[in-house]
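*Asks:* As input, take data-v6.pdb (PDB, C-alpha atoms, pLDDT in the B column):
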MODEL        1
ATOM      1  CA  MET A 145     -22.793 -19.257  -1.915  1.00 36.00           C
ATOM      2  CA  LYS A 146     -19.061 -18.565  -1.530  1.00 43.00           C
ATOM      3  CA  ARG A 147     -17.416 -16.086  -3.817  1.00 47.00           C
ATOM      4  CA  ASP A 148     -14.594 -17.311  -5.990  1.00 46.00           C
ATOM      5  CA  MET A 149     -11.919 -15.028  -4.583  1.00 45.00           C
ATOM      6  CA  ALA A 150      -9.358 -16.357  -7.047  1.00 46.00           C
ATOM      7  CA  LYS A 151     -11.326 -14.738  -9.891  1.00 54.00           C
ATOM      8  CA  GLU A 152     -11.711 -11.362  -8.194  1.00 65.00           C
ATOM      9  CA  ILE A 153      -9.205  -8.745  -9.275  1.00 76.00           C
ATOM     10  CA  GLN A 154      -7.601  -6.641  -6.602  1.00 90.00           C
ATOM     11  CA  VAL A 155      -5.602  -3.457  -6.699  1.00 96.00           C
ATOM     12  CA  TYR A 156      -2.568  -3.776  -4.438  1.00 97.00           C
ATOM     13  CA  LEU A 157      -1.626  -0.393  -2.990  1.00 98.00           C
ATOM     14  CA  ASP A 158       1.278   0.946  -0.956  1.00 98.00           C
ATOM     15  CA  ILE A 159       2.608   4.463  -0.475  1.00 98.00           C
ATOM     16  CA  GLU A 160       5.859   5.984   0.723  1.00 97.00           C
ATOM     17  CA  THR A 161       5.778   9.326   2.480  1.00 96.00           C
ATOM     18  CA  SER A 162       8.190  11.931   3.817  1.00 95.00           C
ATOM     19  CA  SER A 163       6.538  11.856   7.259  1.00 94.00           C
ATOM     20  CA  LEU A 164       4.106   9.743   9.265  1.00 94.00           C
ATOM     21  CA  ASP A 165       1.682  12.679   9.337  1.00 96.00           C
ATOM     22  CA  ALA A 166       0.008  14.243   6.319  1.00 97.00           C
ATOM     23  CA  ASP A 167       0.186  17.773   7.724  1.00 97.00           C
ATOM     24  CA  SER A 168       3.976  17.649   8.081  1.00 95.00           C
ATOM     25  CA  GLY A 169       4.887  15.556   5.048  1.00 94.00           C
ATOM     26  CA  MET A 170       3.839  14.558   1.577  1.00 96.00           C
ATOM     27  CA  ILE A 171       3.497  11.492  -0.574  1.00 97.00           C
ATOM     28  CA  VAL A 172       6.862  10.463  -2.006  1.00 97.00           C
ATOM     29  CA  ALA A 173       5.650   7.645  -4.261  1.00 98.00           C
ATOM     30  CA  VAL A 174       2.612   5.459  -4.875  1.00 98.00           C
ATOM     31  CA  GLY A 175       2.907   1.823  -5.878  1.00 98.00           C
ATOM     32  CA  TYR A 176       0.084  -0.294  -7.197  1.00 96.00           C
ATOM     33  CA  ALA A 177      -0.571  -3.404  -9.183  1.00 97.00           C
ATOM     34  CA  ARG A 178      -3.836  -4.591 -10.650  1.00 95.00           C
ATOM     35  CA  GLY A 179      -4.159  -8.334 -10.143  1.00 93.00           C
ATOM     36  CA  GLU A 180      -1.140 -10.152 -11.517  1.00 93.00           C
ATOM     37  CA  LYS A 181       0.089  -7.233 -13.608  1.00 95.00           C
ATOM     38  CA  LYS A 182       3.525  -5.758 -13.074  1.00 97.00           C
ATOM     39  CA  PRO A 183       3.573  -3.181 -10.252  1.00 97.00           C
ATOM     40  CA  GLU A 184       3.678   0.467 -11.264  1.00 97.00           C
ATOM     41  CA  VAL A 185       5.330   3.119  -9.135  1.00 98.00           C
ATOM     42  CA  VAL A 186       4.800   6.838  -9.597  1.00 97.00           C
ATOM     43  CA  PHE A 187       7.397   9.082  -7.978  1.00 96.00           C
ATOM     44  CA  VAL A 188       6.379  12.519  -6.686  1.00 96.00           C
ATOM     45  CA  ARG A 189       8.824  15.418  -7.007  1.00 92.00           C
ATOM     46  CA  THR A 190       6.668  18.468  -6.219  1.00 92.00           C
ATOM     47  CA  PHE A 191       3.359  19.388  -4.612  1.00 91.00           C
ATOM     48  CA  GLU A 192       1.855  19.753  -8.102  1.00 91.00           C
ATOM     49  CA  ASP A 193       3.074  16.223  -8.892  1.00 95.00           C
ATOM     50  CA  GLU A 194       1.527  15.053  -5.630  1.00 97.00           C
ATOM     51  CA  LYS A 195      -1.876  16.479  -6.591  1.00 97.00           C
ATOM     52  CA  THR A 196      -1.739  14.735  -9.982  1.00 97.00           C
ATOM     53  CA  VAL A 197      -0.592  11.427  -8.460  1.00 97.00           C
ATOM     54  CA  ILE A 198      -3.342  11.474  -5.828  1.00 97.00           C
ATOM     55  CA  ALA A 199      -5.978  12.213  -8.492  1.00 97.00           C
ATOM     56  CA  GLU A 200      -4.679   9.333 -10.629  1.00 97.00           C
ATOM     57  CA  THR A 201      -4.484   7.017  -7.612  1.00 97.00           C
ATOM     58  CA  PHE A 202      -8.091   7.795  -6.659  1.00 96.00           C
ATOM     59  CA  LYS A 203      -9.154   7.128 -10.247  1.00 96.00           C
ATOM     60  CA  ARG A 204      -7.383   3.740 -10.259  1.00 94.00           C
ATOM     61  CA  MET A 205      -8.929   2.812  -6.893  1.00 94.00           C
ATOM     62  CA  GLU A 206     -12.511   3.784  -7.726  1.00 93.00           C
ATOM     63  CA  GLY A 207     -14.912   0.851  -7.396  1.00 91.00           C
ATOM     64  CA  GLN A 208     -12.034  -1.577  -6.843  1.00 93.00           C
ATOM     65  CA  LYS A 209     -11.119  -3.985  -4.093  1.00 93.00           C
ATOM     66  CA  VAL A 210      -7.972  -2.368  -2.692  1.00 95.00           C
ATOM     67  CA  VAL A 211      -5.539  -4.584  -0.764  1.00 96.00           C
ATOM     68  CA  THR A 212      -3.197  -2.882   1.705  1.00 96.00           C
ATOM     69  CA  PHE A 213      -1.092  -3.645   4.739  1.00 96.00           C
ATOM     70  CA  ASN A 214      -2.060  -1.152   7.454  1.00 95.00           C
ATOM     71  CA  GLY A 215      -4.026   0.859   4.912  1.00 94.00           C
ATOM     72  CA  THR A 216      -6.835   1.447   7.411  1.00 92.00           C
ATOM     73  CA  ASP A 217      -4.535   3.332   9.766  1.00 94.00           C
ATOM     74  CA  PHE A 218      -1.950   4.792   7.380  1.00 96.00           C
ATOM     75  CA  ASP A 219      -2.158   4.642   3.574  1.00 97.00           C
ATOM     76  CA  ILE A 220      -5.825   5.572   3.156  1.00 96.00           C
ATOM     77  CA  PRO A 221      -5.937   8.276   5.888  1.00 96.00           C
ATOM     78  CA  PHE A 222      -2.729   9.810   4.490  1.00 97.00           C
ATOM     79  CA  LEU A 223      -4.147   9.805   0.953  1.00 97.00           C
ATOM     80  CA  VAL A 224      -7.455  11.245   2.192  1.00 96.00           C
ATOM     81  CA  ALA A 225      -5.747  14.035   4.169  1.00 97.00           C
ATOM     82  CA  ARG A 226      -3.408  15.004   1.336  1.00 97.00           C
ATOM     83  CA  GLY A 227      -6.215  14.674  -1.233  1.00 97.00           C
ATOM     84  CA  LEU A 228      -8.496  17.011   0.712  1.00 97.00           C
ATOM     85  CA  LYS A 229      -5.718  19.603   0.665  1.00 96.00           C
ATOM     86  CA  TYR A 230      -6.177  19.658  -3.124  1.00 97.00           C
ATOM     87  CA  ASP A 231      -9.991  19.259  -3.045  1.00 97.00           C
ATOM     88  CA  LEU A 232      -9.674  15.633  -4.178  1.00 97.00           C
ATOM     89  CA  TYR A 233     -11.970  13.047  -2.608  1.00 95.00           C
ATOM     90  CA  LEU A 234     -11.497   9.341  -1.993  1.00 94.00           C
ATOM     91  CA  PRO A 235     -13.828   7.398  -4.292  1.00 93.00           C
ATOM     92  CA  ALA A 236     -15.987   4.435  -3.320  1.00 90.00           C
ATOM     93  CA  ILE A 237     -13.754   1.415  -2.669  1.00 91.00           C
ATOM     94  CA  LYS A 238     -13.708  -1.900  -0.845  1.00 91.00           C
ATOM     95  CA  MET A 239     -10.539  -2.316   1.149  1.00 91.00           C
ATOM     96  CA  ILE A 240      -8.872  -5.393   2.549  1.00 92.00           C
ATOM     97  CA  ASP A 241      -6.314  -4.501   5.204  1.00 93.00           C
ATOM     98  CA  LEU A 242      -4.017  -7.488   5.688  1.00 95.00           C
ATOM     99  CA  TYR A 243      -2.449  -5.979   8.807  1.00 94.00           C
ATOM    100  CA  GLY A 244      -5.735  -6.385  10.690  1.00 90.00           C
ATOM    101  CA  TRP A 245      -5.925  -9.987   9.515  1.00 92.00           C
ATOM    102  CA  ALA A 246      -2.338 -10.698  10.581  1.00 94.00           C
ATOM    103  CA  LYS A 247      -2.944  -9.119  13.976  1.00 92.00           C
ATOM    104  CA  ARG A 248      -5.982 -11.299  14.585  1.00 91.00           C
ATOM    105  CA  PHE A 249      -4.944 -14.598  13.010  1.00 92.00           C
ATOM    106  CA  LEU A 250      -1.134 -14.867  13.113  1.00 93.00           C
ATOM    107  CA  LYS A 251       0.511 -15.564  16.461  1.00 94.00           C
ATOM    108  CA  LEU A 252       3.929 -14.185  15.595  1.00 94.00           C
ATOM    109  CA  GLN A 253       6.415 -12.205  17.685  1.00 94.00           C
ATOM    110  CA  SER A 254       6.018  -9.299  15.291  1.00 93.00           C
ATOM    111  CA  ARG A 255       3.314  -8.363  12.833  1.00 92.00           C
ATOM    112  CA  ARG A 256       5.491  -5.864  11.017  1.00 95.00           C
ATOM    113  CA  PHE A 257       5.263  -6.497   7.307  1.00 96.00           C
ATOM    114  CA  HIS A 258       8.976  -7.161   6.914  1.00 96.00           C
ATOM    115  CA  GLU A 259       8.964  -9.740   9.713  1.00 96.00           C
ATOM    116  CA  ILE A 260       5.923 -11.491   8.214  1.00 97.00           C
ATOM    117  CA  CYS A 261       7.694 -11.609   4.847  1.00 97.00           C
ATOM    118  CA  VAL A 262      10.818 -13.079   6.435  1.00 96.00           C
ATOM    119  CA  PHE A 263       8.771 -15.746   8.247  1.00 97.00           C
ATOM    120  CA  TYR A 264       6.953 -16.788   5.066  1.00 97.00           C
ATOM    121  CA  SER A 265      10.059 -16.480   2.826  1.00 97.00           C
ATOM    122  CA  ILE A 266       8.581 -13.646   0.770  1.00 97.00           C
ATOM    123  CA  PRO A 267      11.347 -11.447  -0.705  1.00 95.00           C
ATOM    124  CA  HIS A 268      11.263  -8.036   0.957  1.00 93.00           C
ATOM    125  CA  GLU A 269      13.767  -5.293   1.721  1.00 90.00           C
ATOM    126  CA  GLU A 270      13.059  -3.096   4.695  1.00 90.00           C
ATOM    127  CA  ILE A 271      13.673   0.634   4.453  1.00 91.00           C
ATOM    128  CA  SER A 272      12.802   2.823   7.434  1.00 89.00           C
ATOM    129  CA  GLY A 273      10.638   5.919   7.118  1.00 87.00           C
ATOM    130  CA  LYS A 274      13.655   8.014   8.089  1.00 91.00           C
ATOM    131  CA  GLU A 275      15.664   6.467   5.257  1.00 94.00           C
ATOM    132  CA  VAL A 276      12.830   7.082   2.761  1.00 94.00           C
ATOM    133  CA  ASN A 277      12.812  10.756   3.736  1.00 93.00           C
ATOM    134  CA  GLU A 278      16.605  10.997   3.351  1.00 95.00           C
ATOM    135  CA  LEU A 279      16.440   9.264  -0.040  1.00 96.00           C
ATOM    136  CA  PHE A 280      13.583  11.550  -1.114  1.00 95.00           C
ATOM    137  CA  ILE A 281      15.596  14.695  -0.309  1.00 95.00           C
ATOM    138  CA  LYS A 282      18.488  13.338  -2.390  1.00 96.00           C
ATOM    139  CA  ALA A 283      16.152  12.249  -5.209  1.00 96.00           C
ATOM    140  CA  VAL A 284      14.476  15.650  -5.625  1.00 94.00           C
ATOM    141  CA  SER A 285      17.975  17.164  -5.690  1.00 95.00           C
ATOM    142  CA  GLY A 286      18.773  15.040  -8.733  1.00 95.00           C
ATOM    143  CA  ASP A 287      20.230  11.848  -7.252  1.00 97.00           C
ATOM    144  CA  GLN A 288      18.889   9.183  -9.626  1.00 97.00           C
ATOM    145  CA  ASN A 289      20.205   6.328  -7.451  1.00 97.00           C
ATOM    146  CA  ALA A 290      18.159   7.591  -4.486  1.00 97.00           C
ATOM    147  CA  LYS A 291      15.027   7.791  -6.630  1.00 97.00           C
ATOM    148  CA  ASP A 292      15.673   4.303  -8.019  1.00 97.00           C
ATOM    149  CA  ARG A 293      16.075   2.929  -4.494  1.00 96.00           C
ATOM    150  CA  ILE A 294      12.653   4.283  -3.478  1.00 97.00           C
ATOM    151  CA  VAL A 295      11.004   3.036  -6.677  1.00 97.00           C
ATOM    152  CA  ASN A 296      12.616  -0.408  -6.402  1.00 96.00           C
ATOM    153  CA  HIS A 297      11.674  -0.691  -2.733  1.00 96.00           C
ATOM    154  CA  LEU A 298       8.054   0.228  -3.418  1.00 96.00           C
ATOM    155  CA  THR A 299       7.896  -2.174  -6.370  1.00 97.00           C
ATOM    156  CA  GLN A 300       9.138  -4.947  -4.080  1.00 97.00           C
ATOM    157  CA  ASP A 301       6.639  -3.895  -1.372  1.00 97.00           C
ATOM    158  CA  VAL A 302       3.725  -4.246  -3.795  1.00 97.00           C
ATOM    159  CA  LYS A 303       4.989  -7.632  -4.994  1.00 98.00           C
ATOM    160  CA  ALA A 304       5.386  -8.802  -1.392  1.00 98.00           C
ATOM    161  CA  LEU A 305       1.898  -7.535  -0.519  1.00 97.00           C
ATOM    162  CA  ARG A 306       0.461  -9.528  -3.416  1.00 97.00           C
ATOM    163  CA  ALA A 307       2.456 -12.643  -2.419  1.00 97.00           C
ATOM    164  CA  PHE A 308       1.248 -12.435   1.195  1.00 97.00           C
ATOM    165  CA  HIS A 309      -2.344 -11.904   0.033  1.00 96.00           C
ATOM    166  CA  GLN A 310      -2.101 -14.937  -2.248  1.00 95.00           C
ATOM    167  CA  LYS A 311      -0.675 -17.026   0.595  1.00 96.00           C
ATOM    168  CA  ILE A 312      -3.574 -16.270   2.932  1.00 95.00           C
ATOM    169  CA  ARG A 313      -6.285 -16.023   0.261  1.00 92.00           C
ATOM    170  CA  PRO A 314      -7.696 -19.532   0.978  1.00 92.00           C
ATOM    171  CA  LEU A 315      -8.405 -18.407   4.556  1.00 92.00           C
ATOM    172  CA  LEU A 316     -10.016 -15.057   3.742  1.00 88.00           C
ATOM    173  CA  ALA A 317     -13.442 -16.425   2.746  1.00 83.00           C
ATOM    174  CA  ASN A 318     -13.965 -17.901   6.221  1.00 87.00           C
ATOM    175  CA  TYR A 319     -11.816 -15.467   8.196  1.00 86.00           C
ATOM    176  CA  PRO A 320     -12.158 -11.986   6.677  1.00 81.00           C
ATOM    177  CA  PRO A 321      -9.841  -9.193   7.814  1.00 78.00           C
ATOM    178  CA  PRO A 322     -11.435  -7.314  10.711  1.00 75.00           C
ATOM    179  CA  ASP A 323     -10.213  -3.945   9.402  1.00 62.00           C
ATOM    180  CA  SER A 324     -11.678  -4.301   5.919  1.00 65.00           C
ATOM    181  CA  LEU A 325     -13.860  -1.413   4.892  1.00 64.00           C
ATOM    182  CA  ASN A 326     -16.487  -0.570   2.354  1.00 67.00           C
ATOM    183  CA  ILE A 327     -15.964   3.107   1.669  1.00 67.00           C
ATOM    184  CA  GLY A 328     -18.649   4.797  -0.372  1.00 59.00           C
ATOM    185  CA  ASP A 329     -21.353   3.120  -2.416  1.00 51.00           C
ATOM    186  CA  THR A 330     -19.635  -0.101  -3.503  1.00 40.00           C
TER     187      THR A 330
ENDMDL
END
Kindly present the structure from the file in structure tokens form.

*Replies:*
Amino acid sequence: MKRDMAKEIQVYLDIETSSLDADSGMIVAVGYARGEKKPEVVFVRTFEDEKTVIAETFKRMEGQKVVTFNGTDFDIPFLVARGLKYDLYLPAIKMIDLYGWAKRFLKLQSRRFHEICVFYSIPHEEISGKEVNELFIKAVSGDQNAKDRIVNHLTQDVKALRAFHQKIRPLLANYPPPDSLNIGDT
């Protein structure tokens, strides 16, 4: 019996960080959307904010099907590493990593998220990790435009993630992402 994936509710998750490594950077912002709801973005200003945001993110993820793009190799390990620093632990989740699916099933020149969005006409603005870090430094110094740019970018990322997931959803029942994980007891 096939599951009706259209009725399942997912949590779409993306993070922005000040570095590619959790031991030399921190979470800048977390974006998520539950199903079709409007994406929410929480901006992090301090390490204490980061601890609170990670705790809230773990609470929102618990027992959910979490959809990411490269979450297996980046978002989840970064959250786990930073969470452990504060004695916070990743809850039980089911994760669908659309990057693994794209790598296996899309024969494109590039499997970077921005390039996939361009190919499928999904609105998406690319901001490099270096630019996020520069914007973050300005934002914590009081530059509201820099903060808004990060928040708007992450909002658009979550919307684009949802749009890509919806585009490939009919294929997922027969061709599941190879990098999907069941973490914990779900």

*Asks:* Residues at most 8 Å from Val302 (chain A), counting all atoms listed in the file, excluding those fewer than 4 positions away in the same chain, as a count of residues only?

*Replies:* 9

*Asks:* Evaluated on this file, the PyMOL selection byres ((chain A and resi 200) around 12) picks out some residues - which ones are they, written as a PyMOL selection string?

*Replies:* chain A and resi 174-176+185-186+193-199+201-206+223+227+232-235

*Asks:* Kindly indicate which residue among A:Ile153, A:Val295, A:Ile312, A:Val262 lies nearest to Lys209 (chain A), using all atoms listed in the file for the distances.

*Replies:* A:Ile153

*Asks:* Evaluated on this file, the PyMOL selection byres ((chain A and resi 247) around 12) picks out some residues - which ones are they, written as a list of chain:residue names?

*Replies:*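 With the PyMOL selection byres ((chain A and resi 247) around 12) on this model, the match is A:Phe213, A:Asn214, A:Asp241, A:Leu242, A:Tyr243, A:Gly244, A:Trp245, A:Ala246, A:Arg248, A:Phe249, A:Leu250, A:Lys251, A:Leu252, A:Gln253, A:Ser254, A:Arg255, A:Arg256, A:Phe257, A:Ile260, A:Pro321, A:Pro322, A:Asp323.
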
*Asks:* Quote the spacing between CA of Glu160 (chain A) and CA of Val276 (chain A) in Å to one decimal place.

*Replies:*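 Rounded to one decimal, the two atoms are 7.3 Å apart.
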